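Student: One structure follows; several queries about it will come next.
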Amino acid sequence: MNNSNEEIQQARDAAAKPVMLTRPADIARAAKSWRRSPLLGVDTEFVRERTYYAQLGLIQISDGHTVWLVDPLAVDELEPVADMLRSPDSIKIIHSASEDLEVLLQHFGCLPRPFFDTQLAAACVGQPLQMSYHAMADWLIHEPIDKGATRSNWCKRPLTTQQIHYAALDVCFLPLFYEMLTEQLNRLDRQDWVREDAERKLQKAESGNRYHYTRLPGVQTLNGEQLKAADALCRWRESVAITANRPRQFILGDKVLTRIARRRPGSIEDLGLIEELNPTTLKRRGRKLLTLLEQSRHASAVAAPPEPLGPQQRRRLKAVRETLREIASELDVEPGLLAAKRDMEHLIRHHENGNIDSRLHGWRWQLFGDRLVRQLRHPSHRGQPQMET
């Protein structure tokens, strides 16, 4: 693997002396460098413990030679950062991007395009699916990174020297990682894998992360009327959580929400019999909960969550999972990269009506879609030809 000791040292030096950006003029000067760089590592530090929305504490940007630390608590004028994220002239490199994408969209109203996820790229060349940044530094450049400030309060000022160095280290190597991973992807002809999956991450971030009633624990045991109640309660809770900027569970916990939907009490007294319901919540929100339950009785039916797989379907699932393990072994990647369990269950439920490719599309479908089709149509047939890798 070709890597430059000089580039590694440049990144180390940049992390040792990051440039703090705490004034609009500082950010404007840095933006001139950002516009000249085709590769920019990006990371965020945030706090989300008692709020619905993440509280952004720091934005880290690096071209591999310089690390800039943008302090969003010190300066309101951050349009140059948004311009950098939107610029088609630079690839934004992020490690394990899902949460960062959500935070960036929330604060800047845009997503980084084009963008490259180093964790995703590593999985596509055979590394673990959830490879950490620190593990990647050890794998690619044999560089140990201190993880001591991981759980810091990034919204408390002043930041400590340890926090500043940690934040800088978390972004300084990203341009180098991009170059090294791209070399491996090109050799394996898997560039499209990363591009397609990165775009899916962007689309998922744009679609939002609203909590749906089908995600409630035990929802499969609710009947039609109870599901309507659960839907109404979830929609209300989401609205209150957003307005108050408080975690969903602070408004109404999943367990008690499901209990209320299941019992559908008709009075404050009946509602109070639900042991998990906090007395303060009962007093403050009891009438509203009863109104929501009453309204749900007149609402249109909602879709039920998928039924658990039956015995024959479970046998098919087992066979399909074995096939995917074989394919993953041929490709030298983890099976989870090819399909999540929920995707395989979807295939089992829907293959008979022609929806087999509704989840496994793009490069996955091209690589092994036909193979799964043959297996599901002829479950006893295991004589598929080997794949070209």
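In the structure tokens, the first chain shown is A, the next is B, and so on; residue numbers restart at 1 for each chain, and ligands run from 1 in the order shown.
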At a cut-off of 10 Å, using only C-alpha atoms, what residues contact Ser132 of chain A? Leave out same-chain residues fewer than 3 positions from it and give the result as a PyMOL selection string.

Tutor: chain A and resi 95-96+118-119+128-129+135-138

Student: Those same residues, written as a short mmCIF file (atom, residue, chain, number, x, y, z; two decimals), in the first residue's frame with C-alpha atoms?

Tutor:
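Once everything was written out, this is again16.cif:
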data_model
loop_
_atom_site.label_atom_id
_atom_site.label_comp_id
_atom_site.auth_asym_id
_atom_site.auth_seq_id
_atom_site.Cartn_x
_atom_site.Cartn_y
_atom_site.Cartn_z
CA HIS A 95 -15.96 9.03 8.43
CA SER A 96 -19.18 7.22 9.41
CA THR A 118 -14.32 6.44 4.57
CA GLN A 119 -16.04 3.89 6.81
CA PRO A 128 -15.34 -4.42 9.21
CA LEU A 129 -18.64 -2.63 8.59
CA ALA A 135 -9.01 1.62 13.91
CA MET A 136 -8.70 2.96 10.36
CA ALA A 137 -5.73 5.11 11.33
CA ASP A 138 -4.08 2.05 12.82
#

Student: Might you pull out every residue within 12 Å of segment 144-147 of chain A, with only C-alpha atoms counted and same-chain residues fewer than 4 positions away left off, and present them as a list in words?

Tutor: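 Here the qualifying residues turn out to be Arg12, Ala15, Ser132, Tyr133, His134, Ala135, Met136, Ala137, Asp138, Trp139, Leu140, Arg151, Ser152, Gln162, Gln163, His165, Tyr166, Ala167, Ala168, Leu169, Asp170, Val171, Cys172 and Phe173 of chain A.
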
Student: Store the residues of this selection in a file with N, CA and C atoms, as a JSON list (two decimals), in the first residue's frame.

Tutor:
[["chain", "number", "residue", "atom", "x", "y", "z"],
["A", 12, "ARG", "N", -0.05, 15.19, 10.87],
["A", 12, "ARG", "CA", 0.26, 15.26, 12.31],
["A", 12, "ARG", "C", 0.54, 16.71, 12.73],
["A", 15, "ALA", "N", -2.56, 18.78, 12.90],
["A", 15, "ALA", "CA", -3.36, 18.51, 14.10],
["A", 15, "ALA", "C", -2.74, 19.11, 15.35],
["A", 132, "SER", "N", -13.98, 1.97, 13.19],
["A", 132, "SER", "CA", -13.85, 3.31, 13.74],
["A", 132, "SER", "C", -12.73, 4.08, 13.04],
["A", 133, "TYR", "N", -12.76, 5.37, 13.20],
["A", 133, "TYR", "CA", -11.70, 6.23, 12.65],
["A", 133, "TYR", "C", -10.35, 5.84, 13.24],
["A", 134, "HIS", "N", -10.35, 5.55, 14.54],
["A", 134, "HIS", "CA", -9.10, 5.21, 15.21],
["A", 134, "HIS", "C", -8.55, 3.88, 14.69],
["A", 135, "ALA", "N", -9.45, 2.90, 14.47],
["A", 135, "ALA", "CA", -9.01, 1.62, 13.91],
["A", 135, "ALA", "C", -8.51, 1.80, 12.48],
["A", 136, "MET", "N", -9.14, 2.72, 11.73],
["A", 136, "MET", "CA", -8.70, 2.96, 10.36],
["A", 136, "MET", "C", -7.32, 3.59, 10.33],
["A", 137, "ALA", "N", -7.06, 4.51, 11.26],
["A", 137, "ALA", "CA", -5.73, 5.11, 11.33],
["A", 137, "ALA", "C", -4.67, 4.06, 11.63],
["A", 138, "ASP", "N", -5.02, 3.12, 12.48],
["A", 138, "ASP", "CA", -4.08, 2.05, 12.82],
["A", 138, "ASP", "C", -3.87, 1.13, 11.61],
["A", 139, "TRP", "N", -4.94, 0.83, 10.89],
["A", 139, "TRP", "CA", -4.86, -0.08, 9.73],
["A", 139, "TRP", "C", -4.11, 0.55, 8.55],
["A", 140, "LEU", "N", -4.46, 1.78, 8.21],
["A", 140, "LEU", "CA", -3.91, 2.38, 6.99],
["A", 140, "LEU", "C", -2.53, 2.99, 7.19],
["A", 151, "ARG", "N", -16.14, 11.54, 24.71],
["A", 151, "ARG", "CA", -17.42, 11.88, 25.34],
["A", 151, "ARG", "C", -17.41, 13.25, 26.00],
["A", 152, "SER", "N", -16.64, 14.15, 25.46],
["A", 152, "SER", "CA", -16.55, 15.50, 26.02],
["A", 152, "SER", "C", -17.85, 16.28, 25.82],
["A", 162, "GLN", "N", -6.77, 19.14, 25.35],
["A", 162, "GLN", "CA", -7.00, 17.76, 24.93],
["A", 162, "GLN", "C", -8.14, 17.68, 23.92],
["A", 163, "GLN", "N", -9.23, 18.42, 24.15],
["A", 163, "GLN", "CA", -10.36, 18.41, 23.22],
["A", 163, "GLN", "C", -9.94, 18.95, 21.85],
["A", 165, "HIS", "N", -6.98, 19.05, 20.44],
["A", 165, "HIS", "CA", -6.09, 18.12, 19.73],
["A", 165, "HIS", "C", -6.88, 16.90, 19.24],
["A", 166, "TYR", "N", -7.77, 16.39, 20.06],
["A", 166, "TYR", "CA", -8.61, 15.25, 19.65],
["A", 166, "TYR", "C", -9.43, 15.62, 18.42],
["A", 167, "ALA", "N", -10.07, 16.78, 18.46],
["A", 167, "ALA", "CA", -10.91, 17.20, 17.34],
["A", 167, "ALA", "C", -10.10, 17.34, 16.06],
["A", 168, "ALA", "N", -8.88, 17.87, 16.19],
["A", 168, "ALA", "CA", -8.02, 18.03, 15.01],
["A", 168, "ALA", "C", -7.56, 16.69, 14.47],
["A", 169, "LEU", "N", -7.21, 15.77, 15.34],
["A", 169, "LEU", "CA", -6.80, 14.43, 14.90],
["A", 169, "LEU", "C", -7.93, 13.70, 14.19],
["A", 170, "ASP", "N", -9.17, 14.00, 14.58],
["A", 170, "ASP", "CA", -10.32, 13.30, 14.01],
["A", 170, "ASP", "C", -10.58, 13.67, 12.55],
["A", 171, "VAL", "N", -9.86, 14.65, 12.04],
["A", 171, "VAL", "CA", -10.14, 15.08, 10.67],
["A", 171, "VAL", "C", -8.87, 15.20, 9.82],
["A", 172, "CYS", "N", -7.71, 15.29, 10.44],
["A", 172, "CYS", "CA", -6.49, 15.63, 9.70],
["A", 172, "CYS", "C", -6.08, 14.56, 8.68],
["A", 173, "PHE", "N", -6.38, 13.29, 8.96],
["A", 173, "PHE", "CA", -5.94, 12.21, 8.07],
["A", 173, "PHE", "C", -6.96, 11.87, 6.98]]

Student: With only C-alpha atoms as the basis for distance, which of A:Tyr52, A:Glu276, A:Thr150, A:His351 is at the shortest distance from Glu238 of chain A?

Tutor: A:Tyr52

Student: If you run DSSP on this backbone, which residues of segment 4-94 of chain A come out as strand (DSSP E), and could you give them as number ranges by chain?

Tutor: A: 19-21, 39-47, 55-62, 67-70, 91-94

Student: Which of these residues is nearest to Leu159 of chain A, using only C-alpha atoms: A:Glu307, A:Glu143, A:Glu45, A:Asp189?

Tutor: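 Going through A:Glu307, A:Glu143, A:Glu45, A:Asp189 one by one, the smallest distance to Leu159 of chain A is for A:Glu45.
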
Student: Could you give me, as a PyMOL selection string, the residues within 12 Å of Gln184 of chain A, counting only C-alpha atoms and dropping anything in the same chain fewer than 4 positions from it?

Tutor: chain A and resi 1-2+121-127+140+177-180+188-191+194

Student: Quote the spacing between atom CA of Pro18 of chain A and atom CA of Leu202 of chain A in Å to one decimal place.

Tutor: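 Distance between the two atoms: 28.7 Å.
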
Student: Calculated over only C-alpha atoms, which of the candidates A:Glu102, A:Asp231, A:Glu322, A:Glu345 has the smallest distance to Asn209 of chain A?

Tutor: A:Glu102

Student: Name the closest residue to Ala230 of chain A among the candidates A:Pro217, A:Gly266, A:Pro24, A:Pro72; distances are taken between atoms, counting only C-alpha atoms.

Tutor: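 Residue with the minimum atom-to-atom distance to Ala230 of chain A: A:Pro217.
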
Student: Here is a test: counting only C-alpha atoms, which residue of A:Glu326, A:Asp332, A:Asp100, A:Asp343 is nearest to Arg371 of chain A?

Tutor: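 Of A:Glu326, A:Asp332, A:Asp100, A:Asp343, the one nearest Arg371 of chain A is A:Glu326, counting only C-alpha atoms.
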
Student: Need to verify the contact set: Leu360 of chain A, 10 Å, only C-alpha atoms, exclusion of same-chain residues closer than 4 positions in sequence. Can you return it as a PyMOL selection string?

Tutor: chain A and resi 338-340+343-344+346-347+355-356+364-369

Student: Go ahead and dump the residues you just picked, C-alpha atoms, as a CSV table (one decimal), in the first residue's frame.

Tutor:
chain,number,residue,atom,x,y,z
A,338,LEU,CA,-24.6,-6.9,1.0
A,339,ALA,CA,-27.9,-6.9,2.8
A,340,ALA,CA,-29.3,-6.1,6.3
A,343,ASP,CA,-33.7,-6.4,3.6
A,344,MET,CA,-33.5,-10.2,3.4
A,346,HIS,CA,-38.3,-8.1,2.7
A,347,LEU,CA,-37.1,-10.3,-0.1
A,355,ASN,CA,-40.5,-7.0,-5.8
A,356,ILE,CA,-37.3,-8.9,-5.2
A,364,ARG,CA,-26.1,-5.3,-5.4
A,365,TRP,CA,-28.7,-6.3,-8.0
A,366,GLN,CA,-26.1,-6.4,-10.8
A,367,LEU,CA,-23.8,-8.6,-8.8
A,368,PHE,CA,-26.2,-11.2,-7.3
A,369,GLY,CA,-29.8,-10.3,-8.1

Student: Please provide as a PyMOL selection string all residues within 10 Å of His298 of chain A, with the sequence filter that same-chain residues fewer than 4 positions apart are discarded (counting only C-alpha atoms).

Tutor: chain A and resi 225+228+293-294

Student: Quick one: write out the picked residues with N, CA and C atoms as a CSV table (one decimal), in the first residue's frame?

Tutor:
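Okay, this is what ended up in selection-v4.csv:
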chain,number,residue,atom,x,y,z
A,225,GLU,N,-57.3,-1.1,15.6
A,225,GLU,CA,-57.7,0.1,16.4
A,225,GLU,C,-56.5,0.5,17.3
A,228,LYS,N,-54.0,2.4,15.2
A,228,LYS,CA,-54.4,3.8,14.9
A,228,LYS,C,-54.1,4.7,16.1
A,293,LEU,N,-56.7,9.7,21.6
A,293,LEU,CA,-57.2,8.4,21.5
A,293,LEU,C,-58.6,8.4,20.9
A,294,GLU,N,-59.4,9.4,21.3
A,294,GLU,CA,-60.8,9.5,20.8
A,294,GLU,C,-60.7,9.8,19.3

Student: For the structure I just gave you, how does DSSP split segment 21-189 of chain A - specifically, which residues are alpha helix (DSSP H)? Reply as a count of residues only.

Tutor: 75

Student: I'd like the neighbourhood of Gln9 of chain A as a list in words, where a residue qualifies if any of its atoms comes within 12 Å (using only C-alpha atoms), though same-chain residues fewer than 2 positions away should be ignored.

Tutor: Asn3, Ser4, Asn5, Glu6, Glu7, Ala11, Arg12, Asp13, Ala14, Ala15, Ala16, Gly64, His65, Thr66, Ile141, Glu143, Cys172, Phe173 and Leu176 of chain A

Student: Could you write out the selected residues, including N, CA and C atoms, as a tab-separated table (two decimals), in the first residue's frame?

Tutor:
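See selection_13.tsv below for the written result:
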chain	number	residue	atom	x	y	z
A	3	ASN	N	1.84	4.80	0.72
A	3	ASN	CA	1.49	5.93	1.56
A	3	ASN	C	2.74	6.74	1.80
A	4	SER	N	2.56	8.04	1.91
A	4	SER	CA	3.69	8.94	2.03
A	4	SER	C	3.91	9.30	3.48
A	5	ASN	N	5.12	9.02	3.98
A	5	ASN	CA	5.46	9.43	5.34
A	5	ASN	C	5.41	10.95	5.47
A	6	GLU	N	5.71	11.63	4.38
A	6	GLU	CA	5.66	13.09	4.40
A	6	GLU	C	4.23	13.59	4.60
A	7	GLU	N	3.27	12.94	3.91
A	7	GLU	CA	1.87	13.34	4.06
A	7	GLU	C	1.36	13.05	5.47
A	11	ALA	N	0.01	15.87	8.16
A	11	ALA	CA	-1.27	15.80	8.85
A	11	ALA	C	-1.07	15.88	10.37
A	12	ARG	N	-0.05	15.19	10.87
A	12	ARG	CA	0.26	15.26	12.31
A	12	ARG	C	0.54	16.71	12.73
A	13	ASP	N	1.37	17.37	11.94
A	13	ASP	CA	1.73	18.75	12.25
A	13	ASP	C	0.50	19.66	12.23
A	14	ALA	N	-0.39	19.41	11.28
A	14	ALA	CA	-1.60	20.22	11.19
A	14	ALA	C	-2.48	20.03	12.42
A	15	ALA	N	-2.56	18.78	12.90
A	15	ALA	CA	-3.36	18.51	14.10
A	15	ALA	C	-2.74	19.11	15.35
A	16	ALA	N	-1.43	19.22	15.35
A	16	ALA	CA	-0.75	19.78	16.51
A	16	ALA	C	-0.95	21.29	16.63
A	64	GLY	N	-5.55	18.22	4.75
A	64	GLY	CA	-4.38	17.36	4.95
A	64	GLY	C	-3.13	18.12	5.32
A	65	HIS	N	-3.13	19.44	5.07
A	65	HIS	CA	-1.98	20.29	5.40
A	65	HIS	C	-2.30	21.24	6.55
A	66	THR	N	-3.59	21.60	6.64
A	66	THR	CA	-4.07	22.51	7.67
A	66	THR	C	-5.35	21.95	8.26
A	141	ILE	N	-2.31	3.65	8.33
A	141	ILE	CA	-1.04	4.37	8.47
A	141	ILE	C	-0.32	4.02	9.78
A	143	GLU	N	-1.09	4.53	12.85
A	143	GLU	CA	-1.04	5.72	13.68
A	143	GLU	C	-1.99	5.57	14.86
A	172	CYS	N	-7.71	15.29	10.44
A	172	CYS	CA	-6.49	15.63	9.70
A	172	CYS	C	-6.08	14.56	8.68
A	173	PHE	N	-6.38	13.29	8.96
A	173	PHE	CA	-5.94	12.21	8.07
A	173	PHE	C	-6.96	11.87	6.98
A	176	LEU	N	-5.89	11.90	3.26
A	176	LEU	CA	-4.97	10.80	2.99
A	176	LEU	C	-5.72	9.47	2.94

Student: Excluding segment 82-85 of chain A and residues on its chain fewer than 2 positions from it, collect all residues at most 7 Å away from it, counting only C-alpha atoms, and give them as a list in words.

Tutor: Trp34, Leu78, Glu79, Pro80, Ser87, Phe108, Leu111, Pro112 and Arg113 of chain A

Student: May I have the selected residues written with C-alpha atoms, as an mmCIF file, in the first residue's frame?

Tutor:
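Heads up, here's the output in out.cif:
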data_model
loop_
_atom_site.group_PDB
_atom_site.id
_atom_site.type_symbol
_atom_site.label_atom_id
_atom_site.label_comp_id
_atom_site.auth_asym_id
_atom_site.auth_seq_id
_atom_site.Cartn_x
_atom_site.Cartn_y
_atom_site.Cartn_z
ATOM 1 C CA TRP A 34 -11.209 25.579 1.007
ATOM 2 C CA LEU A 78 -21.249 30.500 8.819
ATOM 3 C CA GLU A 79 -22.308 30.903 5.191
ATOM 4 C CA PRO A 80 -18.747 30.150 3.926
ATOM 5 C CA SER A 87 -19.331 23.296 -3.698
ATOM 6 C CA PHE A 108 -26.808 24.617 7.280
ATOM 7 C CA LEU A 111 -25.680 18.383 2.629
ATOM 8 C CA PRO A 112 -22.086 17.885 1.475
ATOM 9 C CA ARG A 113 -22.024 17.056 -2.218
#

Student: As an exercise, work out the distance from atom CA of Leu56 of chain A to atom CA of Arg35 of chain A in Å and give it to one decimal place.

Tutor: 23.3 Å

Student: My list of candidates is A:Leu233, A:Val373, A:Val70, A:Ile61. Which is closest to Ala25 of chain A when distances are computed with only C-alpha atoms?

Tutor: A:Val70
